[in-house]
Amino acid sequence: MGALTWAVLGSVAEGAPDSLSLRLFALLIGFAILHMEATRPAEERRRAAHLGGEHIDHTGVWTCAGAFVLPISLVVALVVAIRLRRYFIARKPPGRYLFTTCAILMSVLATQALATATPVHAWIRGVPVPPDKVIAAGAAVLAAFAAYYAGQTVVIGVARGLRGNWEWVSILGDRKENLDLVITLCMGLIAAWASGVAYGLLLFALTGVVIGYTRHTQRIEQLEQERDRLEVDALHDPLTGLANQRGFNPAAALALVADQARRRPTAVMMFDLDRFKQVNSRLGHLGANEVLKALAVILRANVRRDDLVCRWGGEEFTVLLPSTSRVDAWAIAERIRATVEEMRVELTRAAGGRTEQVGGFTISGGIALSPDHGTDLASLQEQADQALAEAKDNGRNQVRITPAFPLPGPRTSREHTLDRP
């Protein structure tokens, strides 16, 4: 609201813009649109990757330039035109986008006020600066940059803080963001000067530089995202999102060592979805994948936050429960088994896109405990796998523990076994 009031009152006080201001406005908005169109596809991807936060928009080159050379009314028109154009690729709710726009407008108005109150505005528009005023003009430029930074970064940072993150990095931005903003403002200052030289012809060359810088930044961010995704994929199963063996084994080994140092038991479970080949035949490959994803969700939902869950391979999963007794491990495994038995998976058929709920799934499990059945991961998994094999041999849809004997309440009799096609 303050930015809008400032814009209205300032525009009324200044009166109609002169012909030079109109020409500079036309140049800046024209090259801003050229810049946005030349970098639009990559900018859409860039914004999609920053859904949870903010990033430096390089159209700040043009809004900063406008703040140095244009009157308030035309500065406001420039910001509004650029932001309206950007809105069509924005991935933010209208309210949040409007808030960001107001923050940009506030920073631009603050920069314009400092530039007008000092020799900077006249200097950039072509008025010679006396030698004894050069240092003062340079200081005024730095003050204008600081105003732009404060008006945008701090306002948005405080908004982040109100959402619950009051860390300094969140409020003021990290080193990479601030460097990007400094480069953007410096190019904005150059654009402001170039707009008044040789009828703005230098802006063609500068726009090429700005487009190249934006594309370079977009490419670097894309490569960083791909690197991060590859790092995650290297340690996680892409279908279920659970850890794979490469991600699970080191963490599991550390958990075992920690429990042994504290003389606490560790439970290792092996689970296998019953008759998975029949599930694959009945539902097809894509349907079977949905079943595995649903099973992964159940496994994660029925263990604690610090427990480790891994897709060991195919339809086989392993779970490590630190600091877990025999009785507690049995209760968790039984809860998982019972939840899978009640599991319903929503599938969309290829012919006609009909959606249906399918069920009839069961799981078998085996449990081994450290130090009773071993002290290293391989030995414990081997013991749990033997218990799993016994559960399969005795009718499936049950959990066995090493050595295989019933605990209070287990389902081991054949009356609880469901033979599914």
# chains A, B, ... in the order shown; residues from 1 in each chain; ligands from 1

$ closest_atom_pairs --of "region 246-333 of chain A" --to "region 337-344 of chain A" --cutoff "10 Å" --atoms "only C-alpha atoms" --output "Markdown table"
| residue | atom | partner | partner_atom | distance |
| --- | --- | --- | --- | --- |
| A:Phe271 | CA | A:Arg337 | CA | 9.1 |
| A:Leu273 | CA | A:Val340 | CA | 9.1 |
| A:Val291 | CA | A:Arg344 | CA | 8.8 |
| A:Ala294 | CA | A:Met343 | CA | 8.1 |
| A:Leu295 | CA | A:Val340 | CA | 7.0 |
| A:Ile298 | CA | A:Thr339 | CA | 7.2 |
| A:Leu299 | CA | A:Val340 | CA | 9.1 |
| A:Asn302 | CA | A:Thr339 | CA | 8.9 |
| A:Ala331 | CA | A:Arg337 | CA | 9.9 |
| A:Ile332 | CA | A:Arg337 | CA | 8.7 |
| A:Ala333 | CA | A:Arg337 | CA | 6.2 |

$ write_last_selection --atoms "all heavy atoms" --output "PDB file, in the first residue's frame"
ATOM      1  N   PHE A 271      11.029 -58.118   3.942  1.00  0.00           N
ATOM      2  CA  PHE A 271       9.643 -58.298   3.501  1.00  0.00           C
ATOM      3  C   PHE A 271       9.628 -58.638   2.018  1.00  0.00           C
ATOM      4  O   PHE A 271      10.463 -58.149   1.247  1.00  0.00           O
ATOM      5  CB  PHE A 271       8.824 -57.025   3.723  1.00  0.00           C
ATOM      6  CG  PHE A 271       8.533 -56.721   5.165  1.00  0.00           C
ATOM      7  CD1 PHE A 271       9.258 -55.751   5.846  1.00  0.00           C
ATOM      8  CD2 PHE A 271       7.532 -57.396   5.848  1.00  0.00           C
ATOM      9  CE1 PHE A 271       8.993 -55.460   7.163  1.00  0.00           C
ATOM     10  CE2 PHE A 271       7.255 -57.112   7.173  1.00  0.00           C
ATOM     11  CZ  PHE A 271       7.984 -56.142   7.836  1.00  0.00           C
ATOM     12  N   LEU A 273       6.593 -59.147  -1.133  1.00  0.00           N
ATOM     13  CA  LEU A 273       5.185 -59.144  -1.540  1.00  0.00           C
ATOM     14  C   LEU A 273       4.831 -60.525  -2.097  1.00  0.00           C
ATOM     15  O   LEU A 273       5.508 -61.043  -2.987  1.00  0.00           O
ATOM     16  CB  LEU A 273       4.947 -58.069  -2.599  1.00  0.00           C
ATOM     17  CG  LEU A 273       3.504 -57.705  -2.906  1.00  0.00           C
ATOM     18  CD1 LEU A 273       2.833 -57.071  -1.693  1.00  0.00           C
ATOM     19  CD2 LEU A 273       3.436 -56.756  -4.091  1.00  0.00           C
ATOM     20  N   VAL A 291       1.455 -50.771  -7.178  1.00  0.00           N
ATOM     21  CA  VAL A 291       1.371 -51.580  -5.959  1.00  0.00           C
ATOM     22  C   VAL A 291       2.648 -51.427  -5.144  1.00  0.00           C
ATOM     23  O   VAL A 291       2.608 -51.261  -3.910  1.00  0.00           O
ATOM     24  CB  VAL A 291       1.118 -53.059  -6.306  1.00  0.00           C
ATOM     25  CG1 VAL A 291       1.202 -53.923  -5.046  1.00  0.00           C
ATOM     26  CG2 VAL A 291      -0.242 -53.221  -6.971  1.00  0.00           C
ATOM     27  N   ALA A 294       2.661 -48.076  -3.458  1.00  0.00           N
ATOM     28  CA  ALA A 294       1.745 -48.064  -2.314  1.00  0.00           C
ATOM     29  C   ALA A 294       2.349 -48.810  -1.130  1.00  0.00           C
ATOM     30  O   ALA A 294       2.207 -48.392   0.027  1.00  0.00           O
ATOM     31  CB  ALA A 294       0.405 -48.674  -2.712  1.00  0.00           C
ATOM     32  N   LEU A 295       3.029 -49.914  -1.406  1.00  0.00           N
ATOM     33  CA  LEU A 295       3.680 -50.672  -0.345  1.00  0.00           C
ATOM     34  C   LEU A 295       4.785 -49.845   0.315  1.00  0.00           C
ATOM     35  O   LEU A 295       4.948 -49.870   1.548  1.00  0.00           O
ATOM     36  CB  LEU A 295       4.261 -51.964  -0.915  1.00  0.00           C
ATOM     37  CG  LEU A 295       5.062 -52.847   0.048  1.00  0.00           C
ATOM     38  CD1 LEU A 295       4.240 -53.186   1.282  1.00  0.00           C
ATOM     39  CD2 LEU A 295       5.527 -54.112  -0.664  1.00  0.00           C
ATOM     40  N   ILE A 298       3.266 -47.502   2.796  1.00  0.00           N
ATOM     41  CA  ILE A 298       2.879 -48.203   4.026  1.00  0.00           C
ATOM     42  C   ILE A 298       4.093 -48.472   4.910  1.00  0.00           C
ATOM     43  O   ILE A 298       4.047 -48.281   6.135  1.00  0.00           O
ATOM     44  CB  ILE A 298       2.157 -49.518   3.666  1.00  0.00           C
ATOM     45  CG1 ILE A 298       0.764 -49.213   3.112  1.00  0.00           C
ATOM     46  CG2 ILE A 298       2.068 -50.443   4.875  1.00  0.00           C
ATOM     47  CD1 ILE A 298       0.015 -50.426   2.632  1.00  0.00           C
ATOM     48  N   LEU A 299       5.181 -48.899   4.316  1.00  0.00           N
ATOM     49  CA  LEU A 299       6.387 -49.165   5.099  1.00  0.00           C
ATOM     50  C   LEU A 299       6.861 -47.905   5.813  1.00  0.00           C
ATOM     51  O   LEU A 299       7.172 -47.928   7.015  1.00  0.00           O
ATOM     52  CB  LEU A 299       7.490 -49.711   4.193  1.00  0.00           C
ATOM     53  CG  LEU A 299       7.300 -51.131   3.668  1.00  0.00           C
ATOM     54  CD1 LEU A 299       8.343 -51.454   2.615  1.00  0.00           C
ATOM     55  CD2 LEU A 299       7.381 -52.134   4.813  1.00  0.00           C
ATOM     56  N   ASN A 302       4.560 -46.777   8.767  1.00  0.00           N
ATOM     57  CA  ASN A 302       4.436 -47.651   9.938  1.00  0.00           C
ATOM     58  C   ASN A 302       5.745 -47.833  10.697  1.00  0.00           C
ATOM     59  O   ASN A 302       5.826 -48.698  11.575  1.00  0.00           O
ATOM     60  CB  ASN A 302       3.892 -49.017   9.501  1.00  0.00           C
ATOM     61  CG  ASN A 302       2.407 -48.968   9.235  1.00  0.00           C
ATOM     62  OD1 ASN A 302       1.598 -49.038  10.151  1.00  0.00           O
ATOM     63  ND2 ASN A 302       2.034 -48.825   7.963  1.00  0.00           N
ATOM     64  N   ALA A 331       5.666 -56.364  16.750  1.00  0.00           N
ATOM     65  CA  ALA A 331       4.448 -55.556  16.657  1.00  0.00           C
ATOM     66  C   ALA A 331       4.465 -54.687  15.407  1.00  0.00           C
ATOM     67  O   ALA A 331       3.447 -54.547  14.711  1.00  0.00           O
ATOM     68  CB  ALA A 331       4.301 -54.697  17.917  1.00  0.00           C
ATOM     69  N   ILE A 332       5.619 -54.096  15.091  1.00  0.00           N
ATOM     70  CA  ILE A 332       5.719 -53.240  13.901  1.00  0.00           C
ATOM     71  C   ILE A 332       5.537 -54.072  12.637  1.00  0.00           C
ATOM     72  O   ILE A 332       4.819 -53.675  11.701  1.00  0.00           O
ATOM     73  CB  ILE A 332       7.072 -52.510  13.892  1.00  0.00           C
ATOM     74  CG1 ILE A 332       7.127 -51.491  15.032  1.00  0.00           C
ATOM     75  CG2 ILE A 332       7.300 -51.817  12.545  1.00  0.00           C
ATOM     76  CD1 ILE A 332       8.490 -50.863  15.239  1.00  0.00           C
ATOM     77  N   ALA A 333       6.187 -55.229  12.585  1.00  0.00           N
ATOM     78  CA  ALA A 333       6.070 -56.087  11.405  1.00  0.00           C
ATOM     79  C   ALA A 333       4.630 -56.555  11.207  1.00  0.00           C
ATOM     80  O   ALA A 333       4.123 -56.603  10.084  1.00  0.00           O
ATOM     81  CB  ALA A 333       7.011 -57.283  11.533  1.00  0.00           C
TER      82      ALA A 333
END

$ residues_around --residues "Phe204 (chain A)" --least-positions-apart "5" --cutoff "12 Å" --atoms "only C-alpha atoms" --output "ChimeraX atom specification"
/A:27-28,30-32,34-35,191,194-195,197-199,209-211

$ write_last_selection --atoms "C-alpha atoms" --output "CSV table (one decimal), in the first residue's frame"
chain,number,residue,atom,x,y,z
A,27,LEU,CA,13.8,2.1,-25.3
A,28,LEU,CA,13.9,0.4,-22.0
A,30,GLY,CA,11.3,-2.5,-25.8
A,31,PHE,CA,14.6,-4.1,-24.9
A,32,ALA,CA,13.1,-5.5,-21.7
A,34,LEU,CA,13.2,-8.6,-26.1
A,35,HIS,CA,15.2,-9.9,-23.2
A,191,ALA,CA,21.8,0.2,-19.4
A,194,ALA,CA,23.6,3.5,-22.7
A,195,SER,CA,20.0,4.5,-23.2
A,197,VAL,CA,24.0,7.5,-25.8
A,198,ALA,CA,23.8,7.4,-29.6
A,199,TYR,CA,20.0,7.2,-29.4
A,209,VAL,CA,25.2,-9.4,-23.0
A,210,VAL,CA,22.1,-9.5,-20.6
A,211,ILE,CA,20.5,-12.3,-22.6

$ closest_residue --among "A:Gly360, A:Pro371, A:Gly395, A:Pro71" --to "Arg264 (chain A)" --atoms "only C-alpha atoms"
A:Pro371

$ closest_residue --among "A:Leu201, A:Ala122, A:Cys310, A:Ala147" --to "Leu105 (chain A)" --atoms "only C-alpha atoms"
A:Ala147

$ closest_residue --among "A:Gly200, A:Gly374, A:Pro322, A:Pro250" --to "Pro403 (chain A)" --atoms "only C-alpha atoms"
A:Gly374

$ closest_residue --among "A:Thr266, A:Thr59, A:Thr362, A:Thr217" --to "Arg86 (chain A)" --atoms "only C-alpha atoms"
A:Thr59

$ residues_around --residues "Asn178 (chain A)" --least-positions-apart "4" --cutoff "10 Å" --atoms "only C-alpha atoms" --output "list in words"
Ile56, Tyr149, Thr153, Leu172, Gly173, Asp174, Val182, Ile183 and Thr184 of chain A

$ select_by_dssp --residues "region 246-311 of chain A" --states "strand (DSSP E or B)" --output "mmCIF file with N, CA, C and O atoms, in the first residue's frame"
data_model
loop_
_atom_site.group_PDB
_atom_site.id
_atom_site.type_symbol
_atom_site.label_atom_id
_atom_site.label_comp_id
_atom_site.auth_asym_id
_atom_site.auth_seq_id
_atom_site.Cartn_x
_atom_site.Cartn_y
_atom_site.Cartn_z
ATOM 1 N N THR A 266 19.050 -54.204 17.876
ATOM 2 C CA THR A 266 18.668 -53.674 16.570
ATOM 3 C C THR A 266 17.888 -54.744 15.832
ATOM 4 O O THR A 266 18.296 -55.907 15.808
ATOM 5 N N ALA A 267 16.781 -54.358 15.239
ATOM 6 C CA ALA A 267 15.965 -55.314 14.471
ATOM 7 C C ALA A 267 16.153 -55.074 12.985
ATOM 8 O O ALA A 267 16.159 -53.935 12.520
ATOM 9 N N VAL A 268 16.322 -56.160 12.248
ATOM 10 C CA VAL A 268 16.412 -56.111 10.782
ATOM 11 C C VAL A 268 15.291 -56.978 10.223
ATOM 12 O O VAL A 268 15.137 -58.135 10.628
ATOM 13 N N MET A 269 14.500 -56.406 9.318
ATOM 14 C CA MET A 269 13.367 -57.121 8.728
ATOM 15 C C MET A 269 13.567 -57.256 7.228
ATOM 16 O O MET A 269 14.106 -56.364 6.578
ATOM 17 N N MET A 270 13.106 -58.370 6.701
ATOM 18 C CA MET A 270 13.020 -58.567 5.260
ATOM 19 C C MET A 270 11.563 -58.854 4.918
ATOM 20 O O MET A 270 10.930 -59.712 5.542
ATOM 21 N N PHE A 271 11.029 -58.118 3.942
ATOM 22 C CA PHE A 271 9.643 -58.298 3.501
ATOM 23 C C PHE A 271 9.628 -58.638 2.018
ATOM 24 O O PHE A 271 10.463 -58.149 1.247
ATOM 25 N N ASP A 272 8.637 -59.443 1.643
ATOM 26 C CA ASP A 272 8.484 -59.817 0.238
ATOM 27 C C ASP A 272 6.987 -59.863 -0.086
ATOM 28 O O ASP A 272 6.215 -60.515 0.621
ATOM 29 N N LEU A 273 6.593 -59.147 -1.133
ATOM 30 C CA LEU A 273 5.185 -59.144 -1.540
ATOM 31 C C LEU A 273 4.831 -60.525 -2.097
ATOM 32 O O LEU A 273 5.508 -61.043 -2.987
ATOM 33 N N LEU A 308 15.197 -47.066 9.066
ATOM 34 C CA LEU A 308 15.708 -47.103 7.697
ATOM 35 C C LEU A 308 14.900 -48.099 6.878
ATOM 36 O O LEU A 308 14.726 -49.246 7.284
ATOM 37 N N VAL A 309 14.425 -47.649 5.727
ATOM 38 C CA VAL A 309 13.624 -48.492 4.837
ATOM 39 C C VAL A 309 14.286 -48.502 3.469
ATOM 40 O O VAL A 309 14.686 -47.462 2.949
ATOM 41 N N CYS A 310 14.381 -49.692 2.872
ATOM 42 C CA CYS A 310 15.104 -49.840 1.610
ATOM 43 C C CYS A 310 14.336 -50.775 0.678
ATOM 44 O O CYS A 310 13.784 -51.791 1.119
ATOM 45 N N ARG A 311 14.276 -50.403 -0.590
ATOM 46 C CA ARG A 311 13.822 -51.365 -1.598
ATOM 47 C C ARG A 311 15.053 -52.179 -1.991
ATOM 48 O O ARG A 311 15.932 -51.705 -2.706
#
